[in-house]
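Structure, as structure tokens:
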Amino acid sequence: PVWVRYKSETRNHKSLAHMWMEWYEEYYNADWPRLMVRLEDLVFYPHETIRQICECFDGASYVGDENVTLPLEPSKPKADYVHGKDRTGLIDAIIKHATQNRTQGMTEEDYAFATALLRDSEIRKVFGYQMP
């Protein structure tokens, strides 16, 4: 079980995979207007993603500078005891996450459980996440 303390309540989820699905399904199935953006789209395709976001708002025009480059080097560490002292730049983050084995450390039972739960997840499909 996974217990999460939110601002107004504490929730129990059957597993981390259940927590992921329940969190996103609540927003995805909301009956009020919302915009859901994948972080990786902002990181890897910032101009195109922001352009599409602007178009959602009454056809607003994106006037960003296509020549602006993202910082590639890590930021200088600050006295931040919540987030740790290690920082990575954009290139380090891409290398780490592109080559990382997301199933490393999982038992066969863990993998079978997660696969069975997430295989048919509408949220996973809508966001374009592939099964490992």
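Convention: chains lettered A, B, ... in structure tokens order; per-chain residue numbering from 1; ligands numbered from 1 as shown.
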task = Could you give me, as a PyMOL selection string, the residues within 10 Å of Leu117 (chain A), counting only C-alpha atoms and dropping anything in the same chain fewer than 5 positions from it?
result = chain A and resi 17-18+21+111-112
With all heavy atoms retained, export the selected residues as an mmCIF file, in the first residue's frame.
data_model
loop_
_atom_site.group_PDB
_atom_site.id
_atom_site.type_symbol
_atom_site.label_atom_id
_atom_site.label_comp_id
_atom_site.auth_asym_id
_atom_site.auth_seq_id
_atom_site.Cartn_x
_atom_site.Cartn_y
_atom_site.Cartn_z
ATOM 1 N N ALA A 17 1.625 2.012 -8.760
ATOM 2 C CA ALA A 17 0.971 2.036 -10.077
ATOM 3 C C ALA A 17 -0.480 2.504 -9.956
ATOM 4 O O ALA A 17 -0.963 3.287 -10.789
ATOM 5 C CB ALA A 17 1.041 0.655 -10.731
ATOM 6 N N HIS A 18 -1.177 2.066 -8.928
ATOM 7 C CA HIS A 18 -2.548 2.534 -8.686
ATOM 8 C C HIS A 18 -2.562 4.031 -8.406
ATOM 9 O O HIS A 18 -3.433 4.756 -8.894
ATOM 10 C CB HIS A 18 -3.172 1.798 -7.497
ATOM 11 C CG HIS A 18 -3.671 0.435 -7.814
ATOM 12 N ND1 HIS A 18 -2.897 -0.690 -7.628
ATOM 13 C CD2 HIS A 18 -4.859 0.007 -8.304
ATOM 14 C CE1 HIS A 18 -3.606 -1.751 -7.984
ATOM 15 N NE2 HIS A 18 -4.790 -1.356 -8.403
ATOM 16 N N MET A 21 -2.165 5.955 -11.683
ATOM 17 C CA MET A 21 -3.398 5.925 -12.489
ATOM 18 C C MET A 21 -4.502 6.771 -11.856
ATOM 19 O O MET A 21 -5.174 7.544 -12.541
ATOM 20 C CB MET A 21 -3.885 4.492 -12.674
ATOM 21 C CG MET A 21 -3.085 3.734 -13.692
ATOM 22 S SD MET A 21 -3.676 2.051 -14.040
ATOM 23 C CE MET A 21 -5.315 1.988 -13.470
ATOM 24 N N TYR A 111 6.826 -6.844 -11.826
ATOM 25 C CA TYR A 111 6.690 -6.515 -13.246
ATOM 26 C C TYR A 111 5.364 -7.038 -13.798
ATOM 27 O O TYR A 111 4.655 -6.330 -14.507
ATOM 28 C CB TYR A 111 7.868 -7.082 -14.041
ATOM 29 C CG TYR A 111 7.804 -6.724 -15.498
ATOM 30 C CD1 TYR A 111 8.145 -5.453 -15.926
ATOM 31 C CD2 TYR A 111 7.375 -7.648 -16.445
ATOM 32 C CE1 TYR A 111 8.071 -5.099 -17.265
ATOM 33 C CE2 TYR A 111 7.298 -7.309 -17.781
ATOM 34 C CZ TYR A 111 7.643 -6.042 -18.190
ATOM 35 O OH TYR A 111 7.549 -5.699 -19.512
ATOM 36 N N ALA A 112 5.017 -8.275 -13.445
ATOM 37 C CA ALA A 112 3.760 -8.862 -13.918
ATOM 38 C C ALA A 112 2.559 -8.062 -13.398
ATOM 39 O O ALA A 112 1.603 -7.797 -14.137
ATOM 40 C CB ALA A 112 3.663 -10.325 -13.486
#
Test item: residues at most 8 Å from His47 (chain A), only C-alpha atoms, excluding those fewer than 3 positions along its chain, as a ChimeraX atom specification = /A:42,50-51,64,66
inquiry  = As an exercise, work out the distance from CA of Ala30 (chain A) to CA of Arg124 (chain A) in Å and give it to one decimal place.
reply    =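 Separating CA of Ala30 (chain A) from CA of Arg124 (chain A) is a distance of 16.7 Å.
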